[in-house]
$ cat input_25.cif   # mmCIF, C-alpha atoms
data_final
#
loop_
_atom_site.label_atom_id
_atom_site.label_comp_id
_atom_site.auth_asym_id
_atom_site.auth_seq_id
_atom_site.Cartn_x
_atom_site.Cartn_y
_atom_site.Cartn_z
CA MET A 889 24.81 2.73 -57.45
CA ASN A 890 22.42 5.06 -59.22
CA SER A 891 21.79 8.52 -57.80
CA ALA A 892 18.34 9.44 -56.47
CA PRO A 893 15.68 9.87 -59.19
CA SER A 894 14.44 13.36 -60.01
CA LYS A 895 11.01 12.43 -61.39
CA ALA A 896 8.44 9.67 -61.25
CA LEU A 897 9.84 6.42 -62.62
CA VAL A 898 8.20 3.68 -64.65
CA GLY A 899 8.92 0.37 -62.97
CA VAL A 900 8.03 -3.25 -63.55
CA SER A 901 7.62 -6.02 -60.99
CA THR A 902 9.20 -9.43 -61.42
CA ALA A 903 5.62 -10.67 -60.84
CA VAL A 904 5.08 -10.17 -64.60
CA MET A 905 7.43 -13.05 -65.33
CA SER A 906 6.00 -16.44 -66.27
CA LYS A 907 7.77 -19.69 -65.48
CA SER A 908 9.44 -19.64 -68.89
CA SER A 909 10.59 -16.00 -68.64
CA GLN A 910 14.20 -14.87 -68.39
CA ILE A 911 15.16 -11.81 -66.37
CA GLU A 912 16.25 -10.11 -69.61
CA ASP A 913 12.58 -10.13 -70.66
CA LEU A 914 11.99 -7.34 -68.13
CA LEU A 915 14.05 -5.07 -70.39
CA TRP A 916 11.21 -5.18 -72.94
CA TYR A 917 9.47 -2.54 -70.80
CA GLU A 918 12.52 -0.24 -70.96
CA PRO A 919 12.04 0.23 -67.20
CA ASP A 920 13.57 2.83 -64.93
CA LEU A 921 13.12 0.45 -62.00
CA ILE A 922 12.59 -3.25 -61.34
CA GLU A 923 10.76 -4.28 -58.17
CA ILE A 924 11.90 -7.74 -57.13
CA TYR A 925 9.43 -10.07 -55.43
CA ASN A 926 10.05 -13.47 -53.83
CA PHE A 927 13.38 -14.17 -55.57
CA SER A 928 16.15 -16.21 -53.98
CA SER A 929 19.46 -14.60 -53.06
CA GLY A 930 21.07 -15.97 -56.21
CA GLN A 931 18.27 -14.67 -58.42
CA VAL A 932 18.46 -11.24 -56.80
CA ALA A 933 22.22 -11.11 -57.38
CA GLY A 934 21.79 -12.04 -61.03
CA LEU A 935 19.09 -9.47 -61.59
CA CYS A 936 21.11 -6.75 -59.86
CA LYS A 937 24.03 -7.43 -62.20
CA MET A 938 21.66 -6.85 -65.12
CA THR A 939 20.18 -3.65 -63.65
CA SER A 940 23.68 -2.31 -62.98
CA ARG A 941 24.66 -2.86 -66.61
CA HIS A 942 21.56 -1.01 -67.82
CA ASP A 943 21.52 1.75 -65.16
CA ILE A 944 18.15 0.59 -63.75
CA PHE A 945 17.05 1.17 -60.15
CA VAL A 946 15.84 -1.70 -57.98
CA ALA A 947 13.27 -2.02 -55.20
CA LEU A 948 12.24 -5.02 -53.11
CA HIS A 949 8.85 -6.45 -52.26
CA THR A 950 8.79 -8.49 -49.05
CA PRO A 951 9.88 -11.31 -48.92
CA THR A 952 13.06 -10.83 -50.95
CA PRO A 953 15.42 -12.55 -50.94
CA PHE A 954 13.50 -15.66 -49.98
CA ASP A 955 15.69 -18.69 -49.33
CA ASP A 956 13.46 -20.78 -47.08
CA PRO A 957 13.25 -24.45 -48.12
CA ASN A 958 9.45 -24.37 -48.58
CA PRO A 959 7.58 -21.91 -50.82
CA LEU A 960 5.89 -18.99 -49.09
CA ARG A 961 2.12 -19.38 -49.28
CA ARG A 962 0.96 -16.80 -46.73
CA TYR A 963 2.34 -13.54 -45.35
CA CYS A 964 0.56 -12.77 -42.07
CA PRO A 965 2.03 -9.87 -40.08
CA THR A 966 -1.09 -9.59 -37.90
CA GLY A 967 -1.61 -13.30 -37.25
CA PRO A 968 -3.85 -14.59 -35.85
CA ASN A 969 -1.36 -17.47 -35.85
CA SER A 970 1.58 -16.35 -33.73
CA GLU A 971 4.09 -18.48 -35.65
CA GLU A 972 3.09 -16.86 -38.94
CA ALA A 973 3.41 -13.41 -37.34
CA VAL A 974 6.96 -14.25 -36.24
CA VAL A 975 7.84 -15.42 -39.77
CA ALA A 976 6.41 -12.22 -41.29
CA ARG A 977 8.57 -10.12 -38.96
CA ARG A 978 11.69 -12.14 -39.79
CA LEU A 979 11.10 -11.91 -43.53
CA VAL A 980 10.61 -8.15 -43.61
CA THR A 981 13.71 -7.70 -41.44
CA GLN A 982 15.76 -9.72 -43.93
CA THR A 983 14.25 -7.83 -46.86
CA VAL A 984 15.05 -4.38 -45.50
CA ALA A 985 18.61 -5.36 -44.56
CA HIS A 986 19.18 -6.67 -48.08
CA ALA A 987 17.60 -3.53 -49.54
CA GLU A 988 20.19 -1.43 -47.76
CA ALA A 989 22.99 -3.70 -48.98
CA ILE A 990 22.01 -3.36 -52.65
CA GLY A 991 20.90 0.27 -52.56
CA ALA A 992 17.20 -0.41 -53.23
CA LEU A 993 14.88 2.59 -53.51
CA HIS A 994 12.21 1.12 -51.24
CA VAL A 995 10.70 -1.98 -49.66
CA VAL A 996 7.01 -2.86 -50.04
CA VAL A 997 5.24 -4.93 -47.39
CA HIS A 998 1.66 -6.23 -47.33
CA TYR A 999 -0.36 -5.18 -44.27
CA PRO A 1000 -2.46 -6.54 -42.55
CA SER A 1001 -2.95 -10.33 -42.83
CA PRO A 1002 -5.42 -10.87 -45.71
CA TYR A 1003 -6.67 -14.35 -44.79
CA PRO A 1004 -9.63 -15.42 -42.64
CA PRO A 1005 -10.41 -15.84 -39.86
CA PHE A 1006 -10.30 -12.10 -39.20
CA VAL A 1007 -9.90 -11.43 -35.50
CA GLN A 1008 -9.95 -7.88 -34.14
CA GLY A 1009 -7.97 -8.97 -31.11
CA ALA A 1010 -5.18 -10.35 -33.29
CA LEU A 1011 -5.00 -7.13 -35.30
CA ASP A 1012 -4.79 -5.10 -32.09
CA TYR A 1013 -2.19 -7.43 -30.56
CA PHE A 1014 0.16 -8.04 -33.49
CA GLY A 1015 -0.38 -4.89 -35.57
CA PRO A 1016 1.15 -2.03 -33.52
CA PRO A 1017 4.37 -3.91 -32.61
CA PHE A 1018 4.85 -4.92 -36.24
CA LEU A 1019 4.46 -1.33 -37.45
CA GLU A 1020 6.81 -0.06 -34.75
CA HIS A 1021 9.30 -2.68 -35.89
CA LEU A 1022 9.04 -1.34 -39.44
CA GLU A 1023 9.79 2.18 -38.22
CA ASN A 1024 12.81 0.87 -36.35
CA LEU A 1025 13.99 -0.81 -39.56
CA VAL A 1026 13.69 2.50 -41.43
CA ALA A 1027 15.83 4.19 -38.77
CA ARG A 1028 18.38 1.38 -38.77
CA HIS A 1029 18.77 0.84 -42.50
CA GLY A 1030 17.68 4.13 -44.07
CA VAL A 1031 15.45 2.44 -46.65
CA PRO A 1032 11.84 3.67 -47.11
CA ILE A 1033 9.25 1.04 -46.17
CA LEU A 1034 5.91 1.27 -47.95
CA ILE A 1035 2.74 -0.34 -46.61
CA GLU A 1036 0.63 -1.82 -49.43
CA ASN A 1037 -3.16 -1.71 -49.17
CA LEU A 1038 -5.12 -4.95 -49.29
CA SER A 1039 -8.86 -5.37 -49.63
CA ALA A 1040 -9.75 -8.41 -47.51
CA HIS A 1041 -9.52 -7.48 -43.81
CA PRO A 1042 -12.84 -5.98 -42.66
CA TRP A 1043 -11.23 -3.73 -40.01
CA LEU A 1044 -8.24 -2.47 -41.98
CA ARG A 1045 -8.87 -1.97 -45.67
CA ARG A 1046 -10.61 1.36 -46.22
CA PRO A 1047 -8.77 4.63 -47.00
CA GLU A 1048 -9.50 6.06 -43.55
CA HIS A 1049 -8.15 2.88 -41.92
CA TYR A 1050 -4.81 3.23 -43.69
CA ALA A 1051 -4.75 6.99 -43.13
CA ALA A 1052 -5.00 6.31 -39.38
CA VAL A 1053 -2.08 3.87 -39.63
CA MET A 1054 0.00 6.46 -41.48
CA GLU A 1055 -0.87 9.13 -38.92
CA ARG A 1056 0.36 6.94 -36.06
CA HIS A 1057 3.50 5.84 -37.92
CA PRO A 1058 4.96 8.88 -39.70
CA GLU A 1059 8.21 7.15 -40.72
CA LEU A 1060 6.37 4.78 -43.05
CA GLY A 1061 5.22 5.41 -46.60
CA PHE A 1062 2.42 3.92 -48.66
CA CYS A 1063 2.23 1.82 -51.81
CA LEU A 1064 -1.17 2.27 -53.43
CA ASP A 1065 -2.21 -0.92 -55.21
CA LEU A 1066 -4.72 0.33 -57.76
CA GLY A 1067 -6.34 -3.05 -58.35
CA HIS A 1068 -6.89 -3.74 -54.65
CA ALA A 1069 -8.43 -0.28 -54.32
CA HIS A 1070 -10.64 -0.79 -57.39
CA LEU A 1071 -12.00 -4.06 -55.97
CA MET A 1072 -13.31 -2.33 -52.87
CA PRO A 1073 -17.10 -1.89 -52.72
CA PRO A 1074 -18.29 1.37 -54.34
CA PRO A 1075 -17.92 4.27 -53.89
CA THR A 1076 -14.43 3.52 -52.54
CA GLY A 1077 -11.73 3.41 -55.22
CA PRO A 1078 -8.17 4.57 -55.95
CA GLU A 1079 -9.20 8.21 -55.81
CA SER A 1080 -10.51 7.72 -52.25
CA TYR A 1081 -7.11 6.43 -51.12
CA ALA A 1082 -5.37 9.32 -52.84
CA GLU A 1083 -7.63 11.81 -51.09
CA ALA A 1084 -7.04 10.20 -47.69
CA LEU A 1085 -3.30 9.56 -48.01
CA GLY A 1086 -2.05 12.25 -50.39
CA ARG A 1087 1.71 12.61 -50.44
CA ARG A 1088 2.24 9.65 -48.14
CA VAL A 1089 1.79 7.58 -51.33
CA ARG A 1090 5.32 6.92 -52.54
CA SER A 1091 4.63 4.22 -55.13
CA MET A 1092 1.75 2.62 -57.00
CA HIS A 1093 1.20 -0.90 -58.31
CA VAL A 1094 -0.42 -0.53 -61.71
CA TYR A 1095 -2.58 -3.12 -63.47
CA ASN A 1096 -6.25 -3.38 -64.33
CA THR A 1097 -9.08 -5.71 -63.43
CA THR A 1098 -12.80 -5.95 -62.88
CA PRO A 1099 -14.66 -7.53 -59.95
CA ASP A 1100 -16.02 -10.22 -62.27
CA ARG A 1101 -12.75 -11.00 -64.04
CA TYR A 1102 -10.36 -10.86 -61.08
CA PRO A 1103 -11.03 -14.35 -59.67
CA ARG A 1104 -10.08 -15.92 -63.02
CA TYR A 1105 -7.65 -13.51 -64.65
CA GLY A 1106 -6.03 -11.75 -61.69
CA HIS A 1107 -3.79 -8.78 -62.52
CA GLU A 1108 -4.30 -7.76 -66.16
CA MET A 1109 -1.89 -5.59 -68.15
CA ALA A 1110 -3.05 -1.98 -68.21
CA GLY A 1111 -4.00 -0.42 -71.52
CA ASP A 1112 -6.06 2.39 -73.01
CA HIS A 1113 -8.57 -0.10 -74.47
CA GLN A 1114 -10.04 -0.97 -71.05
CA LEU A 1115 -13.38 0.74 -70.45
CA SER A 1116 -15.09 1.72 -67.22
CA ALA A 1117 -18.37 0.59 -68.82
CA ASP A 1118 -16.96 -2.95 -68.70
CA GLY A 1119 -15.97 -2.67 -65.05
CA TYR A 1120 -12.32 -1.68 -65.54
CA MET A 1121 -10.62 1.42 -64.21
CA ASP A 1122 -10.25 4.20 -66.75
CA LEU A 1123 -6.55 4.27 -65.94
CA GLY A 1124 -5.68 7.12 -68.26
CA THR A 1125 -8.01 9.39 -66.28
CA VAL A 1126 -7.44 7.80 -62.87
CA LEU A 1127 -3.66 8.02 -63.05
CA HIS A 1128 -3.77 11.69 -64.03
CA GLN A 1129 -5.84 12.36 -60.92
CA LEU A 1130 -3.57 10.28 -58.70
CA LEU A 1131 -0.39 11.90 -60.01
CA ARG A 1132 -1.73 15.31 -59.08
CA ALA A 1133 -2.94 14.17 -55.66
CA CYS A 1134 -0.04 11.99 -54.59
CA SER A 1135 3.12 12.67 -56.64
CA PRO A 1136 4.53 9.13 -56.24
CA ARG A 1137 8.18 8.38 -56.92
CA THR A 1138 7.39 5.23 -58.92
CA LEU A 1139 4.62 3.59 -60.93
CA VAL A 1140 5.29 -0.15 -60.94
CA LEU A 1141 3.58 -2.37 -63.51
CA GLU A 1142 2.40 -5.50 -61.70
CA HIS A 1143 0.32 -7.56 -64.13
CA GLY A 1144 0.60 -11.26 -64.73
CA GLY A 1145 2.42 -13.02 -67.55
CA PRO A 1146 3.21 -14.27 -70.10
CA VAL A 1147 3.90 -11.06 -72.01
CA THR A 1148 5.12 -10.40 -75.53
CA PRO A 1149 7.94 -7.92 -76.27
CA TYR A 1150 5.59 -5.68 -78.23
CA ALA A 1151 2.90 -5.60 -75.51
CA ALA A 1152 5.50 -4.81 -72.83
CA LYS A 1153 6.98 -1.96 -74.85
CA VAL A 1154 3.54 -0.48 -75.58
CA CYS A 1155 2.53 -0.67 -71.90
CA GLY A 1156 5.76 0.96 -70.70
CA GLU A 1157 5.48 3.75 -73.27
CA TRP A 1158 1.86 4.41 -72.26
CA MET A 1159 2.86 4.78 -68.62
CA ARG A 1160 5.60 7.26 -69.57
CA ARG A 1161 3.17 9.35 -71.61
CA ILE A 1162 0.78 9.49 -68.66
CA ILE A 1163 3.56 10.60 -66.33
CA GLU A 1164 4.79 13.25 -68.76
CA SER A 1165 1.30 14.67 -69.20
CA GLY A 1166 0.12 14.18 -65.60
CA GLY A 1167 1.97 17.06 -64.04
CA GLY A 1168 3.02 15.10 -60.98
CA LYS A 1169 6.44 15.76 -59.46
CA GLN A 1170 8.39 13.26 -57.43
CA ASN A 1171 7.31 12.95 -53.83
CA GLY A 1172 10.19 14.30 -51.78
CA GLY A 1173 11.58 12.78 -48.62
#
$ encode --input "input_25.cif" --output "structure tokens"
Amino acid sequence: MNSAPSKALVGVSTAVMSKSSQIEDLLWYEPDLIEIYNFSSGQVAGLCKMTSRHDIFVALHTPTPFDDPNPLRRYCPTGPNSEEAVVARRLVTQTVAHAEAIGALHVVVHYPSPYPPFVQGALDYFGPPFLEHLENLVARHGVPILIENLSAHPWLRRPEHYAAVMERHPELGFCLDLGHAHLMPPPTGPESYAEALGRRVRSMHVYNTTPDRYPRYGHEMAGDHQLSADGYMDLGTVLHQLLRACSPRTLVLEHGGPVTPYAAKVCGEWMRRIIESGGGKQNGG
């Protein structure tokens, strides 16, 4: 397996793949890392063969591998449905065990449940045991687990909410999803999460969006043509600020597909230029 990285890496998520994509298309980005999401065991094995040939790191996003007979439609670690909470716990356990087996750099997990109805009692009942379970998985498997911010749950979505979670669970890291942060009501944004969480941020999911466009277009490929006047993040400026505040190990491109080879190459090169000029060093530990 690859040795530990010495600087921030440019990664790409398998979420960029369209139905017609081949795993080799991910090489268009010239990535340092591929974050695998919701692939079957066979697909993970095939992708890992490719990454090994090209000396590319891998990471996993829960649930991976996913071999259940029915597609996963909801990931609900904090219920309120107890059966869904049990499934979420099982899936992250399988993901972390597989991450250890393949030498993955980290595991990302969504937290809390992002679907209504939102019940404070369910968050209080299911949340702490789930987070303690994650810390136990870190101790057992030695793979960093990163909590990813979501923007739906009214009682656990703001920077101070996640900072409190991180304070109570020091063995966990954080994956800052820039789009989820940008969709929060002003003045909250990615910078607010960086200020609250600092070096607990180990990775970032990078794409762009606007509140108006998100319901239709979802995660859009990041580029220097997107203007804050149009509702986008000024990612060139934002990422420089975040790199100084957080020093993440990885920046993972997580836009939707389909993507052309030229667009992928341009996006990957832009990310590398930002990292080289941002002054951020890898987050240690």
$ closest_residue --input "input_25.cif" --among "A:Leu1139, A:Gly1144, A:Phe1018, A:Ala992" --to "A:Pro919" --atoms "all atoms listed in the file"
A:Leu1139
$ closest_residue --input "input_25.cif" --among "A:Ala896, A:Ala933, A:Leu1011, A:Val997" --to "A:Arg1090" --atoms "only C-alpha atoms"
A:Ala896
$ closest_atom_pairs --input "input_25.cif" --of "stretch 1038-1105 of chain A" --to "stretch 964-986 of chain A" --cutoff "12 Å" --atoms "all atoms listed in the file" --output "CSV"
residue,atom,partner,partner_atom,distance
A:His1041,CA,A:Thr966,CA,10.5
A:Trp1043,CA,A:Thr966,CA,11.9
A:Leu1044,CA,A:Thr966,CA,10.9
$ write_last_selection --input "input_25.cif" --atoms "C-alpha atoms" --output "compact mmCIF listing (two decimals), in the coordinates of the input"
# COMPACT_ATOMS: atom_id res chain seq x y z
CA HIS A 1041 -9.52 -7.48 -43.81
CA TRP A 1043 -11.23 -3.73 -40.01
CA LEU A 1044 -8.24 -2.47 -41.98
$ closest_atom_pairs --input "input_25.cif" --of "stretch 897-1002 of chain A" --to "stretch 1054-1075 of chain A" --cutoff "10 Å" --atoms "all atoms listed in the file" --output "tab-separated table"
residue	atom	partner	partner_atom	distance
A:His994	CA	A:Gly1061	CA	9.4
A:Val995	CA	A:Cys1063	CA	9.5
A:Val996	CA	A:Cys1063	CA	6.9
A:Val997	CA	A:Cys1063	CA	8.6
A:His998	CA	A:Cys1063	CA	9.2
$ atom_distance --input "input_25.cif" --atom1 "atom CA of A:Leu914" --atom2 "atom CA of A:Val900"
7.3 Å
$ closest_residue --input "input_25.cif" --among "A:Ala1133, A:Ser1165, A:Pro1005, A:Tyr1095" --to "A:Gly1145" --atoms "all atoms listed in the file"
A:Tyr1095
$ atom_distance --input "input_25.cif" --atom1 "atom CA of A:Ala1040" --atom2 "atom CA of A:Thr1138"
24.7 Å
$ atom_distance --input "input_25.cif" --atom1 "atom CA of A:Pro1078" --atom2 "atom CA of A:Gln1129"
9.5 Å
$ closest_residue --input "input_25.cif" --among "A:Glu1157, A:Asp1112, A:Glu1142, A:Asp913" --to "A:Val1126" --atoms "all atoms listed in the file"
A:Asp1112
$ axis_aligned_box --input "input_25.cif" --around "stretch 1001-1008 of chain A" --padding-each-side "8 Å" --output "JSON"
{"center_x": -6.7, "center_y": -11.9, "center_z": -39.9, "size_x": 23.5, "size_y": 24.0, "size_z": 27.6}
$ resolve_selection --input "input_25.cif" --expression "the PyMOL selection byres ((chain A and resi 910) around 12)" --output "ChimeraX atom specification"
/A:902,904-909,911-916,931,934-935,938,1145-1147
$ resolve_selection --input "input_25.cif" --expression "the PyMOL selection byres ((chain A and resi 1107) around 7)" --output "VMD selection string"
chain A and resid 1095 to 1097 1105 to 1106 1108 to 1109 1143 to 1144
$ resolve_selection --input "input_25.cif" --expression "the PyMOL selection byres ((chain A and resi 1128) around 8)" --output "PyMOL selection string"
chain A and resi 1124-1127+1129-1132+1162-1163+1165-1167
$ closest_residue --input "input_25.cif" --among "A:Asp920, A:Glu1048, A:Glu988, A:Asp943" --to "A:Ala1084" --atoms "all atoms listed in the file"
A:Glu1048
